[in-house]
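Just final33.txt here, compact mmCIF, C-alpha atoms:
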# COMPACT_ATOMS: atom_id res chain seq x y z
CA MET A 29 -53.60 9.62 -115.17
CA VAL A 30 -56.76 10.05 -113.10
CA SER A 31 -58.39 13.42 -113.58
CA GLU A 32 -58.82 15.77 -110.64
CA ARG A 33 -62.57 15.62 -111.15
CA THR A 34 -62.57 11.84 -110.66
CA LEU A 35 -60.32 12.09 -107.60
CA MET A 36 -62.59 14.67 -106.01
CA LEU A 37 -65.73 12.69 -106.88
CA ILE A 38 -64.22 9.67 -105.10
CA HIS A 39 -63.16 12.00 -102.28
CA TYR A 40 -66.73 13.20 -101.73
CA LEU A 41 -68.17 9.67 -102.07
CA THR A 42 -65.67 8.22 -99.61
CA GLY A 43 -66.55 11.04 -97.22
CA LEU A 44 -70.17 9.91 -97.35
CA GLY A 45 -69.02 6.29 -97.14
CA ILE A 46 -67.09 7.06 -93.95
CA LEU A 47 -70.29 8.43 -92.42
CA VAL A 48 -72.24 5.28 -93.28
CA ALA A 49 -69.56 2.65 -92.61
CA GLY A 50 -68.41 4.58 -89.52
CA ALA A 51 -71.95 4.59 -88.16
CA VAL A 52 -72.24 0.85 -88.78
CA HIS A 53 -68.89 0.28 -87.11
CA ILE A 54 -69.66 2.40 -84.05
CA GLY A 55 -73.15 1.00 -83.85
CA THR A 56 -72.05 -2.61 -83.86
CA VAL A 57 -69.04 -2.24 -81.61
CA PHE A 58 -70.23 0.23 -79.00
CA LEU A 59 -73.98 0.20 -79.01
CA THR A 60 -74.81 -3.48 -78.99
CA ALA A 61 -73.13 -4.40 -75.72
CA PRO A 62 -71.64 -2.91 -72.56
CA VAL A 63 -68.32 -1.18 -73.16
CA LYS A 64 -66.43 -3.33 -70.70
CA GLU A 65 -67.43 -6.49 -72.47
CA ASN A 66 -66.67 -4.99 -75.86
CA LEU A 67 -63.10 -4.25 -74.99
CA GLU A 68 -62.41 -7.82 -73.91
CA PHE A 69 -61.72 -10.77 -76.13
CA SER A 70 -64.15 -13.01 -74.36
CA GLY A 71 -65.74 -14.87 -77.21
CA SER A 72 -69.03 -13.21 -76.45
CA PRO A 73 -71.18 -12.51 -79.54
CA PHE A 74 -71.04 -8.81 -78.58
CA SER A 75 -67.29 -8.50 -78.05
CA VAL A 76 -65.02 -6.69 -80.49
CA MET A 77 -63.83 -9.96 -81.94
CA GLY A 78 -67.38 -11.18 -82.04
CA VAL A 79 -68.17 -8.55 -84.64
CA TYR A 80 -65.78 -10.23 -87.03
CA ARG A 81 -67.76 -13.42 -86.89
CA ASN A 82 -70.27 -11.76 -89.15
CA ALA A 83 -68.78 -11.56 -92.66
CA ILE A 84 -70.93 -8.55 -93.60
CA LEU A 85 -69.71 -6.54 -90.60
CA ALA A 86 -66.13 -7.56 -91.32
CA ALA A 87 -66.62 -6.42 -94.92
CA SER A 88 -68.07 -3.11 -93.72
CA LEU A 89 -64.96 -2.62 -91.61
CA GLU A 90 -62.81 -3.27 -94.68
CA ALA A 91 -64.92 -0.73 -96.59
CA LEU A 92 -64.39 1.79 -93.78
CA LEU A 93 -60.66 1.17 -94.01
CA LEU A 94 -60.67 1.80 -97.78
CA PHE A 95 -62.80 4.92 -97.45
CA VAL A 96 -60.67 6.41 -94.68
CA ALA A 97 -57.41 5.54 -96.44
CA PHE A 98 -58.43 7.24 -99.69
CA HIS A 99 -60.12 10.21 -98.07
CA ALA A 100 -57.32 10.92 -95.62
CA PHE A 101 -54.41 10.52 -98.02
CA ASN A 102 -56.11 12.42 -100.83
CA GLY A 103 -56.90 15.19 -98.35
CA LEU A 104 -53.27 15.24 -97.31
CA ARG A 105 -52.24 15.42 -100.99
CA VAL A 106 -54.51 18.41 -101.53
CA ILE A 107 -53.04 20.20 -98.49
CA LEU A 108 -49.44 19.49 -99.51
CA ILE A 109 -49.75 20.55 -103.15
CA GLU A 110 -51.43 23.74 -102.00
CA LEU A 111 -48.64 24.53 -99.57
CA TYR A 112 -45.92 24.38 -102.19
CA GLN A 113 -46.06 24.26 -105.97
CA SER A 114 -43.64 22.52 -108.29
CA PRO A 115 -44.17 19.60 -110.69
CA ARG A 116 -41.45 17.58 -108.95
CA TRP A 117 -42.97 18.15 -105.49
CA GLU A 118 -46.43 17.22 -106.75
CA ARG A 119 -45.17 14.02 -108.34
CA ALA A 120 -43.29 13.08 -105.16
CA VAL A 121 -46.29 13.86 -102.93
CA THR A 122 -48.64 11.85 -105.14
CA TRP A 123 -46.39 8.80 -105.29
CA ILE A 124 -45.36 8.80 -101.64
CA LEU A 125 -48.94 9.19 -100.44
CA THR A 126 -50.21 6.53 -102.85
CA VAL A 127 -47.65 4.05 -101.51
CA ALA A 128 -48.44 5.08 -97.91
CA ALA A 129 -52.18 4.60 -98.52
CA LEU A 130 -51.54 1.16 -100.04
CA LEU A 131 -49.41 0.14 -97.05
CA VAL A 132 -52.15 1.24 -94.65
CA VAL A 133 -54.77 -0.68 -96.64
CA ILE A 134 -52.61 -3.80 -96.83
CA TYR A 135 -51.79 -3.72 -93.11
CA GLY A 136 -55.40 -3.00 -92.15
CA THR A 137 -56.77 -5.71 -94.44
CA ARG A 138 -54.30 -8.21 -93.00
CA THR A 139 -55.45 -7.29 -89.48
CA ILE A 140 -59.13 -7.63 -90.40
CA LEU A 141 -58.51 -11.01 -92.08
CA ILE A 142 -56.58 -12.31 -89.06
CA ALA A 143 -59.29 -11.11 -86.69
CA TYR A 144 -61.96 -12.65 -88.92
CA SER A 145 -60.21 -16.00 -89.03
CA ILE A 146 -59.61 -15.96 -85.25
CA ALA A 147 -63.26 -15.09 -84.67
CA GLN A 148 -64.33 -17.91 -86.95
CA GLY A 149 -62.10 -20.29 -84.99
CA VAL A 150 -63.50 -19.12 -81.67
CA ALA A 151 -67.03 -19.56 -82.91
CA MET B 15 -63.55 71.32 -96.81
CA SER B 16 -65.21 72.17 -93.54
CA GLY B 17 -62.13 71.22 -91.54
CA ALA B 18 -64.36 70.46 -88.58
CA SER B 19 -62.77 67.08 -87.99
CA GLU B 20 -59.83 65.16 -89.27
CA VAL B 21 -58.76 61.61 -89.68
CA LEU B 22 -55.36 59.96 -89.40
CA LEU B 23 -54.39 57.91 -92.43
CA ARG B 24 -51.55 55.46 -91.93
CA VAL B 25 -50.40 54.69 -95.45
CA TYR B 26 -48.15 51.90 -96.70
CA ARG B 27 -45.15 53.32 -98.55
CA TYR B 28 -42.80 51.29 -100.69
CA ASN B 29 -40.70 52.15 -103.69
CA PRO B 30 -38.84 49.11 -105.07
CA SER B 31 -36.83 51.26 -107.47
CA ASN B 32 -34.87 52.99 -104.69
CA SER B 33 -34.42 49.69 -102.79
CA GLY B 34 -36.00 51.17 -99.69
CA LYS B 35 -37.84 49.01 -97.20
CA PRO B 36 -41.62 49.14 -96.90
CA HIS B 37 -42.74 51.48 -94.16
CA TYR B 38 -45.81 53.39 -93.02
CA GLN B 39 -46.37 57.11 -93.10
CA ASN B 40 -49.03 59.02 -91.16
CA TYR B 41 -51.07 61.84 -92.63
CA ARG B 42 -53.71 63.98 -90.95
CA VAL B 43 -56.49 64.79 -93.37
CA PRO B 44 -59.44 67.13 -92.77
CA THR B 45 -62.71 65.40 -93.56
CA PHE B 46 -66.02 66.51 -95.02
CA ARG B 47 -69.37 64.83 -95.28
CA GLY B 48 -69.40 62.07 -97.87
CA MET B 49 -65.61 62.03 -98.14
CA THR B 50 -64.20 58.78 -99.46
CA VAL B 51 -60.83 57.20 -98.73
CA LEU B 52 -59.88 58.06 -102.31
CA ASP B 53 -60.73 61.72 -101.63
CA ALA B 54 -58.44 61.57 -98.60
CA LEU B 55 -55.61 60.04 -100.62
CA ILE B 56 -56.02 62.63 -103.36
CA TYR B 57 -55.91 65.32 -100.66
CA ILE B 58 -52.63 63.87 -99.41
CA LYS B 59 -51.19 63.77 -102.93
CA GLU B 60 -52.27 67.32 -103.73
CA ASN B 61 -51.50 68.99 -100.41
CA LEU B 62 -49.20 66.91 -98.23
CA ASP B 63 -47.07 64.50 -100.21
CA PRO B 64 -46.97 64.45 -104.03
CA THR B 65 -44.71 61.36 -104.00
CA LEU B 66 -47.55 59.10 -102.86
CA SER B 67 -48.60 56.73 -105.66
CA ILE B 68 -52.23 55.72 -106.09
CA ARG B 69 -54.19 54.37 -109.04
CA TYR B 70 -57.70 55.58 -109.74
CA SER B 71 -59.89 56.65 -112.60
CA CYS B 72 -63.68 56.81 -112.53
CA ARG B 73 -64.29 57.60 -108.82
CA MET B 74 -67.66 55.84 -109.03
CA ALA B 75 -66.91 52.11 -108.54
CA SER B 76 -67.09 51.36 -112.23
CA CYS B 77 -63.48 51.01 -113.38
CA GLY B 78 -62.07 48.92 -110.52
CA SER B 79 -58.76 50.80 -110.47
CA CYS B 80 -58.57 51.97 -106.86
CA GLY B 81 -58.70 48.60 -105.10
CA MET B 82 -56.66 48.58 -101.89
CA THR B 83 -56.70 47.17 -98.38
CA ILE B 84 -58.50 49.60 -96.08
CA ASN B 85 -58.55 48.80 -92.37
CA GLY B 86 -57.69 45.21 -93.19
CA LEU B 87 -60.30 44.56 -95.87
CA PRO B 88 -59.96 44.79 -99.65
CA ARG B 89 -62.18 47.68 -100.79
CA LEU B 90 -62.48 50.25 -103.53
CA ALA B 91 -61.13 53.53 -102.13
CA CYS B 92 -63.70 55.49 -104.15
CA PHE B 93 -66.55 53.38 -102.80
CA THR B 94 -65.53 53.55 -99.14
CA GLN B 95 -66.62 56.60 -97.20
CA ILE B 96 -64.54 57.69 -94.23
CA SER B 97 -67.69 57.81 -92.09
CA GLU B 98 -68.61 54.18 -92.73
CA LEU B 99 -65.28 53.04 -91.29
CA LYS B 100 -66.34 54.49 -87.93
CA SER B 101 -62.76 55.23 -86.94
CA LYS B 102 -60.48 58.23 -86.77
CA TYR B 103 -57.61 55.97 -87.71
CA ILE B 104 -57.47 54.41 -91.16
CA LEU B 105 -54.84 51.92 -92.25
CA VAL B 106 -54.33 51.90 -96.02
CA GLN B 107 -52.29 49.16 -97.68
CA PRO B 108 -51.99 47.78 -101.22
CA LEU B 109 -54.03 44.75 -102.27
CA ARG B 110 -52.79 41.47 -100.81
CA ASN B 111 -51.76 38.49 -102.93
CA LEU B 112 -50.26 40.77 -105.58
CA PRO B 113 -46.80 42.31 -105.98
CA VAL B 114 -46.48 46.03 -105.27
CA ILE B 115 -45.38 48.42 -108.00
CA LYS B 116 -45.18 51.40 -105.68
CA ASP B 117 -46.98 52.46 -102.51
CA LEU B 118 -50.66 51.56 -102.94
CA VAL B 119 -50.39 50.44 -106.56
CA ALA B 120 -50.50 46.66 -106.93
CA ASP B 121 -49.27 44.89 -110.03
CA LEU B 122 -52.33 43.31 -111.64
CA ASP B 123 -50.47 41.37 -114.38
CA GLU B 124 -50.80 38.02 -112.58
CA PHE B 125 -54.49 38.67 -111.98
CA PHE B 126 -55.24 39.57 -115.60
CA ASN B 127 -53.14 36.67 -116.90
CA LYS B 128 -55.34 34.28 -114.93
CA HIS B 129 -58.42 36.07 -116.19
CA ARG B 130 -57.13 35.61 -119.76
CA LEU B 131 -56.42 31.93 -119.05
CA VAL B 132 -60.14 31.09 -118.78
CA LYS B 133 -60.87 32.61 -122.22
CA PRO B 134 -63.33 35.26 -121.06
CA TYR B 135 -65.16 35.61 -124.35
CA LEU B 136 -67.76 33.67 -126.32
CA ILE B 137 -66.34 30.85 -128.38
CA ARG B 138 -68.42 29.81 -131.39
CA ARG B 139 -67.96 27.13 -134.01
CA ASP B 140 -70.00 28.81 -136.75
CA VAL B 141 -67.06 30.62 -138.30
CA GLU B 142 -69.02 31.76 -141.36
CA GLU B 143 -71.67 33.43 -139.17
CA GLN B 144 -68.95 35.05 -137.07
CA GLU B 145 -67.25 36.55 -140.10
CA ASN B 146 -70.44 37.51 -141.92
CA PRO B 147 -73.12 37.90 -139.26
CA ARG B 148 -76.68 37.70 -140.55
CA GLU B 149 -78.82 37.50 -137.44
CA GLN B 150 -78.85 37.82 -133.64
CA TYR B 151 -78.23 35.11 -131.08
CA ARG B 152 -81.42 35.06 -129.07
CA GLN B 153 -81.61 34.32 -125.36
CA SER B 154 -84.57 34.07 -123.02
CA ASP B 155 -84.73 36.07 -119.78
CA GLU B 156 -84.09 32.86 -117.84
CA GLU B 157 -80.97 32.11 -119.87
CA LEU B 158 -79.70 35.63 -119.24
CA GLU B 159 -80.37 35.43 -115.51
CA ARG B 160 -78.11 32.42 -115.19
CA TYR B 161 -74.99 34.47 -115.86
CA VAL B 162 -75.86 38.15 -115.74
CA GLN B 163 -74.76 38.78 -112.14
CA PHE B 164 -71.32 37.42 -112.97
CA ALA B 165 -71.14 39.78 -115.95
CA TYR B 166 -71.17 42.73 -113.52
CA CYS B 167 -67.56 41.98 -112.55
CA ILE B 168 -65.35 45.09 -112.94
CA LYS B 169 -62.07 43.19 -112.52
CA CYS B 170 -60.98 45.20 -109.48
CA ALA B 171 -59.14 42.18 -107.98
CA LEU B 172 -60.66 42.64 -104.51
CA CYS B 173 -61.87 39.02 -104.52
CA TYR B 174 -58.45 37.85 -105.67
CA SER B 175 -56.86 39.80 -102.84
CA ALA B 176 -59.27 38.34 -100.27
CA CYS B 177 -58.90 34.72 -101.42
CA PRO B 178 -57.04 32.54 -98.86
CA VAL B 179 -56.26 29.92 -101.49
CA VAL B 180 -54.53 32.40 -103.80
CA SER B 181 -52.30 33.39 -100.89
CA THR B 182 -50.95 29.84 -100.58
CA ASP B 183 -51.35 28.44 -104.11
CA LYS B 184 -50.02 30.80 -106.77
CA ASN B 185 -51.32 28.51 -109.52
CA PHE B 186 -54.92 28.75 -108.35
CA PRO B 187 -56.84 30.87 -110.89
CA GLY B 188 -58.67 32.81 -108.19
CA PRO B 189 -62.34 33.63 -107.70
CA GLN B 190 -62.60 36.27 -110.42
CA ALA B 191 -61.26 34.03 -113.18
CA LEU B 192 -63.35 31.05 -112.05
CA ALA B 193 -66.52 33.15 -111.87
CA GLN B 194 -65.85 34.40 -115.38
CA LEU B 195 -65.25 30.86 -116.53
CA TYR B 196 -68.71 29.93 -115.25
CA ARG B 197 -70.20 33.11 -116.72
CA TYR B 198 -69.16 32.01 -120.23
CA TYR B 199 -69.68 28.31 -119.62
CA ILE B 200 -73.33 28.81 -118.71
CA ASP B 201 -73.98 31.29 -121.53
CA THR B 202 -76.13 29.47 -124.10
CA ARG B 203 -74.31 31.26 -126.93
CA ASP B 204 -70.99 29.71 -125.94
CA GLU B 205 -69.86 26.45 -127.54
CA ALA B 206 -66.69 25.61 -125.63
CA SER B 207 -67.97 23.83 -122.52
CA GLU B 208 -65.48 20.96 -122.67
CA GLU B 209 -62.60 23.29 -123.41
CA ARG B 210 -63.50 25.46 -120.42
CA ILE B 211 -63.77 22.43 -118.12
CA ARG B 212 -60.33 21.23 -119.21
CA ILE B 213 -58.81 24.60 -118.26
CA VAL B 214 -59.73 24.26 -114.58
CA ASN B 215 -59.93 20.49 -114.09
CA ASN B 216 -56.44 20.11 -112.65
CA ALA B 217 -54.63 19.90 -109.32
CA HIS B 218 -54.58 23.70 -108.93
CA GLY B 219 -57.90 24.40 -110.57
CA ILE B 220 -61.46 24.82 -109.43
CA TRP B 221 -61.38 21.95 -106.91
CA ARG B 222 -58.96 23.83 -104.67
CA CYS B 223 -61.54 26.43 -103.62
CA HIS B 224 -62.11 26.12 -99.84
CA PHE B 225 -65.40 27.98 -100.06
CA ALA B 226 -64.23 30.55 -97.52
CA ASP B 227 -66.66 32.93 -99.26
CA SER B 228 -64.37 35.90 -98.61
CA CYS B 229 -64.44 36.73 -102.34
CA SER B 230 -68.20 37.24 -102.30
CA GLN B 231 -68.04 39.25 -99.08
CA VAL B 232 -65.70 41.88 -100.52
CA CYS B 233 -67.11 42.27 -104.04
CA PRO B 234 -68.23 45.89 -104.46
CA LYS B 235 -70.62 44.99 -107.28
CA GLY B 236 -72.53 42.26 -105.48
CA VAL B 237 -71.12 39.49 -107.63
CA ASP B 238 -70.96 36.14 -105.87
CA PRO B 239 -67.86 34.34 -107.18
CA ALA B 240 -68.14 31.63 -104.52
CA LEU B 241 -71.57 30.74 -105.89
CA ALA B 242 -70.20 30.60 -109.44
CA ILE B 243 -67.44 28.24 -108.30
CA GLN B 244 -69.91 25.93 -106.56
CA LEU B 245 -72.24 25.93 -109.56
CA MET B 246 -69.33 25.22 -111.89
CA ARG B 247 -68.22 22.35 -109.68
CA ARG B 248 -71.73 20.94 -109.81
CA GLU B 249 -71.67 21.18 -113.59
CA MET B 250 -68.36 19.36 -113.70
CA MET B 251 -69.41 16.74 -111.18
CA PHE B 252 -72.88 15.88 -112.43
CA GLY B 253 -72.79 17.02 -116.05
CA PRO B 254 -74.14 20.02 -117.90
CA SER B 255 -77.47 21.40 -116.74
CA ARG B 256 -77.85 24.29 -119.16
CA GLY B 257 -80.66 24.01 -121.60
What is this file in structure tokens?
Amino acid sequence: MVSERTLMLIHYLTGLGILVAGAVHIGTVFLTAPVKENLEFSGSPFSVMGVYRNAILAASLEALLLFVAFHAFNGLRVILIELYQSPRWERAVTWILTVAALLVVIYGTRTILIAYSIAQGVA
Amino acid sequence: MSGASEVLLRVYRYNPSNSGKPHYQNYRVPTFRGMTVLDALIYIKENLDPTLSIRYSCRMASCGSCGMTINGLPRLACFTQISELKSKYILVQPLRNLPVIKDLVADLDEFFNKHRLVKPYLIRRDVEEQENPREQYRQSDEELERYVQFAYCIKCALCYSACPVVSTDKNFPGPQALAQLYRYYIDTRDEASEERIRIVNNAHGIWRCHFADSCSQVCPKGVDPALAIQLMRREMMFGPSRG
């Protein structure tokens, strides 16, 4: 069983991580090329898919996904266990949100991997 | 009483024993300079309605007995002058977040149980010294300053009543208990740091504080429970800092 202290430490760190990885994400996607070109899959080095050609940027997107998934679902857990208190409710909330977070991470990782492989193929 | 002016007190009335519904009753009270809300309530009890229930003792903001909600804010009735409210209409209700025994008297059992939960006393391992004391435990001025403001708590429950987390999470210890936890944790004479951390390191413990700061705003003794909670969190997050 992970202690509340550890969960909150990860919560704060992932919050900071979202700031950093989010800035990298926004910076690479929106600031390096005109918006119109970004939103198209054109094969341009500055397009959305073009970002995935760079393994480090793809990894930073995966990190952003992990940070957001933990931070959001742990935040939701905190809200829900504060709204209503019972051991059964808390167990249910914890398990359901853990599974939901894993599903989001799995789906997001799959999407990033597909995009990365497509981008590699295009390049 | 000069009787030169008067104020309208709208007072919460509720008596669970006769299964009546809560309602409000209006009383017109003549005021005098320096009159407190407690003076007005005592006037009502002595002259207008002896069935009104209030709890008070010292009348000088030392005992913490007369905590109630006055014009929407938790305050000590003996420490709130009519003139400072700047209104001819005063709404008086029992403390929020606590059950009502009768009228303006809140049941403080839950509050004191949470206070007891954090073991608000020094815990020492030197049993022999405790049973047969031979010398003093010395502290420097700096060591005293780290906790002394939190030792001014009079356990009036105003902070508990103002806390938005207590209103939704009944298992949350509340600002008073958490401030007292820090007060003993940071005391260099105490030897139960780990034990104290374990008490509040849970899903309804110290991490649930939203830092609304309402507890510190309403404290009549100038104690800052929100600060104690943040300092305690820092201790738990980054390790002990006390020397």
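CA of Gln144 in chain B is positioned 25.9 Å from CA of Gln163 in chain B.
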9 Å contacts from chain B to chain A using all atoms listed in the file, as a PDB file with C-alpha atoms, in the coordinates of the input:
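Full text of iface_28.pdb as output:
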ATOM      1  CA  VAL B 179     -56.260  29.920-101.490  1.00  0.00           C
ATOM      2  CA  THR B 182     -50.950  29.840-100.580  1.00  0.00           C
ATOM      3  CA  ASP B 183     -51.350  28.440-104.110  1.00  0.00           C
ATOM      4  CA  LYS B 184     -50.020  30.800-106.770  1.00  0.00           C
ATOM      5  CA  ASN B 185     -51.320  28.510-109.520  1.00  0.00           C
ATOM      6  CA  PHE B 186     -54.920  28.750-108.350  1.00  0.00           C
ATOM      7  CA  ASN B 215     -59.930  20.490-114.090  1.00  0.00           C
ATOM      8  CA  ASN B 216     -56.440  20.110-112.650  1.00  0.00           C
ATOM      9  CA  ALA B 217     -54.630  19.900-109.320  1.00  0.00           C
ATOM     10  CA  HIS B 218     -54.580  23.700-108.930  1.00  0.00           C
ATOM     11  CA  GLY B 219     -57.900  24.400-110.570  1.00  0.00           C
ATOM     12  CA  TRP B 221     -61.380  21.950-106.910  1.00  0.00           C
ATOM     13  CA  ARG B 222     -58.960  23.830-104.670  1.00  0.00           C
ATOM     14  CA  ARG B 247     -68.220  22.350-109.680  1.00  0.00           C
ATOM     15  CA  MET B 250     -68.360  19.360-113.700  1.00  0.00           C
ATOM     16  CA  MET B 251     -69.410  16.740-111.180  1.00  0.00           C
TER      17      MET B 251
END
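Reported to one decimal place, the separation of CA of Ser33 in chain B from CA of Ala120 in chain B is 16.9 Å.
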Test item: residues at most 8 Å from range 41-50 of chain A, all atoms listed in the file, excluding those fewer than 6 positions along its chain, as a count of residues only: 8
Please determine an axis-aligned box that encloses all atoms of range 128-136 of chain A listed in the file, with 6 Å added on each side, and express its centre and edge lengths in Å to one decimal as JSON.
{"center_x": -51.9, "center_y": 0.6, "center_z": -96.1, "size_x": 19.0, "size_y": 20.9, "size_z": 19.9}
Which residues are near range 145-162 of chain B? Cut-off 9 Å, only C-alpha atoms, ignore same chain within fewer than 6 positions. Put them as a short mmCIF file (atom, residue, chain, number, x, y, z; two decimals) with C-alpha atoms, in the coordinates of the input.
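File written: selection-v9.cif
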data_model
loop_
_atom_site.label_atom_id
_atom_site.label_comp_id
_atom_site.auth_asym_id
_atom_site.auth_seq_id
_atom_site.Cartn_x
_atom_site.Cartn_y
_atom_site.Cartn_z
CA TYR B 196 -68.71 29.93 -115.25
CA ARG B 197 -70.20 33.11 -116.72
CA TYR B 198 -69.16 32.01 -120.23
CA TYR B 199 -69.68 28.31 -119.62
CA ILE B 200 -73.33 28.81 -118.71
CA ASP B 201 -73.98 31.29 -121.53
CA THR B 202 -76.13 29.47 -124.10
CA ARG B 203 -74.31 31.26 -126.93
CA ALA B 242 -70.20 30.60 -109.44
CA ARG B 256 -77.85 24.29 -119.16
CA GLY B 257 -80.66 24.01 -121.60
#
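In this model, the gap between CA of Ala86 in chain A and CA of Thr122 in chain A comes to 29.6 Å.
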For Ile137 in chain B: contacts at 8 Å, only C-alpha atoms, fewer than 6 positions along chain excluded, given as a list in words: Asp204, Glu205 and Ala206 of chain B
Contact residues around range 134-136 of chain A with all atoms listed in the file at 9 Å, ignoring same-chain residues under 5 positions, as a ChimeraX atom specification: /A:90,93,129,141
Contacts of Leu90 in chain B within 8 Å, all atoms listed in the file, excl. fewer than 6 positions in-chain, as a PyMOL selection string: chain B and resi 75+78-82+170+172+234
